[in-house]
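Just below is one structure, and these are the notes that go with it.
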Amino acid sequence: MQIISFEFLIPRRPVSLQTKKRENLQAWKDFVRVEAQKVWKDNSPIKDGDLQLTLVYLCDEFPADTDNIIKPIQDALVDLVFEDDSLVSDVDSHRRFMSDPIEIKSLPSLLQRAVITGKECVYVKVSESQPLEKYL
């Protein structure tokens, strides 16, 4: 498998998998895909290996549930970044309120910029999975 570390920012409040308005969910997936396409420069999706999906949801008041934003984002990346979502073996998802202090020094530069803007968004990173002991 190629060495992968791909990140992008979704500059919008996420839509929950549980939304009652299904058309909003599809519109969200389409938006996520467009944002990813702006950055993903490979001609084909990753076809094998174990991947990690990392999400950081920077939110205002009344955020969507963290677990309900994972699947729509993951689905939007199928056939673009990875061939099938079964390649995602690890998911690391975080929610932080923009009103809380966030120490940005050790964050990736794209996430630093997102924190500084102070607008609701989701940082997404796709990378190679690590050995289990690295997570525990």
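Every chain in the structure tokens has a letter given in the order shown (A, B, ...), and although residue numbers restart at 1 in each chain, ligands are simply numbered from 1 in the order shown.
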
I want to know what sits within 8 Å of Glu120 in chain A, based on only C-alpha atoms, with residues of the same chain fewer than 2 positions away left out; could you give that as a PyMOL selection string? chain A and resi 11-13+57-60+98+118+122

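Summary of the local environment: counting only C-alpha atoms, residues at most 6 Å from Lys125 in chain A, other than itself and those fewer than 5 positions away along its chain, are Phe6, Glu7, Leu53 and Thr54 of chain A.
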
Residue subset to file, keeping C-alpha atoms, as a PDB file, in the first residue's frame:
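As written to disk, out_29.pdb reads:
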```
ATOM      1  CA  PHE A   6      -4.558  12.977   3.389  1.00  0.00           C
ATOM      2  CA  GLU A   7      -6.349  15.817   5.157  1.00  0.00           C
ATOM      3  CA  LEU A  53     -10.186   8.042   9.665  1.00  0.00           C
ATOM      4  CA  THR A  54      -9.639  10.942  12.056  1.00  0.00           C
TER       5      THR A  54
END
```

Please give the complete set of residues from chain A that DSSP, run on the backbone, assigns to strand (DSSP E), formatted as a VMD selection string. chain A and resid 5 to 10 51 to 59 88 to 97 121 to 128

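For Leu107 in chain A, the list of residues within 12 Å, based on only C-alpha atoms and with local chain neighbours fewer than 6 positions off taken out, reads Val56, Arg113, Ala114, Val115, Ile116 and Tyr123 of chain A.
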
For each of A:Lys41, A:His94, A:Lys29, A:Lys134, take the minimum atom-to-atom distance to Val81 in chain A, counting only C-alpha atoms, then give the residue where this is smallest. A:Lys41

Can you list, as a ChimeraX atom specification, every residue of chain A that DSSP puts in alpha helix (DSSP H)? /A:22-37,66-76,109-117,132-135

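Counting only C-alpha atoms and comparing A:Ala36, A:Leu132, A:Leu9, A:Leu25, the residue that lies closest to Val78 in chain A is A:Ala36.
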
Which of these residues is nearest to Gly49 in chain A, using only C-alpha atoms: A:Asp75, A:Asp92, A:Asp85, A:Glu61? A:Asp85

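Pairwise distance (CA of Asp50 in chain A, CA of Ser86 in chain A) equals 8.7 Å.
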
With distances taken over only C-alpha atoms, which of A:Asp30, A:Phe97, A:Val91, A:Ile102 is nearest to Phe62 in chain A? A:Phe97

CA of Ile10 in chain A to CA of Trp28 in chain A, straight-line distance in Å: 10.0 Å

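Residues in contact with Phe8 in chain A at 10 Å, where only C-alpha atoms are counted and same-chain residues fewer than 5 positions away are skipped, are listed as Val32, Glu35, Ala36, Gln37, Lys38, Val39, Trp40, Leu110, Leu111, Val122, Tyr123, Val124, Lys125 and Val126 of chain A.
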
Just to confirm, what's the straight-line distance from CA of Leu136 in chain A to CA of Asp84 in chain A in Å (one decimal)? 26.2 Å
